[in-house]
Amino acid sequence: MTENLADDPRITAIGLLFEVHTGLAARFAAQFEEHGLSTVEFEVLMRLRRSAGHQLRMTDLAAQAALSTSGATRVVDRMVRDGLVCRRACPSDRRSSYAVLTRAGQQRLDDTLPGHLQLIGQWFTGQFEPAELTTLLDTLRRLRDAVHPQATAGSDEATAPAR
């Protein structure tokens, strides 16, 4: 009898992961929208906030957020227009620039985070015992590093918070 490849547990595993991601993403997107942010704008604000000096080179921001260089430029252009970030020239390389979190961007993040953390606790981390959550975080970092090795590009690992 031929094995039914559609019943392979690997298909189940990735399917469940996608279902969880889709469900969480929908809940998060609705909450971000209440604060005038898209999901990618929230990610940019978080990555800048968690980076040394609250800034990242545009190329590193693009790599961390899995955006093309032009995609990162478009997002940052919108955020500059909205006063959430500004650009700063790189003193050592005239071809490069930094995206920098502004006070308005920090305030928008401060306004958004309490509700976001509540949703994370309710729909994600609150589903695990502390030891399970530690194991999950270790596993997710290992998976992230395998499939997206540039996720921490430009981060100062010695001073950056745990991701």
# chains A, B, ... in the order shown; residues from 1 in each chain; ligands from 1
>>> closest_atom_pairs(of="segment 63-120 of chain A", to="segment 42-53 of chain A", cutoff="7 Å", atoms="only C-alpha atoms", output="CSV")
residue,atom,partner,partner_atom,distance
A:Val100,CA,A:Leu48,CA,6.7
A:Leu101,CA,A:Leu48,CA,6.0
A:Gly105,CA,A:Leu45,CA,6.8
A:Leu109,CA,A:Leu45,CA,6.8
>>> select_by_dssp(residues="segment 55-143 of chain A", states="alpha helix (DSSP H)", output="ChimeraX atom specification")
/A:58-64,69-81,103-123,130-143
>>> residues_around(residues="Arg81 of chain A", least_positions_apart="5", cutoff="12 Å", atoms="only C-alpha atoms", output="ChimeraX atom specification")
/A:74-76,86-87,102,104-105
>>> atom_distance(atom1="atom CA of Gly121 of chain A", atom2="atom CA of Asp145 of chain A")
24.1 Å
>>> closest_residue(among="A:Ala153, A:Met79, A:Ala30, A:Met58", to="His116 of chain A", atoms="only C-alpha atoms")
A:Ala30
>>> select_by_dssp(residues="segment 27-142 of chain A", states="strand (DSSP E or B)", output="count of residues only")
13
>>> atom_distance(atom1="atom CA of Thr59 of chain A", atom2="atom CA of Thr39 of chain A")
19.3 Å
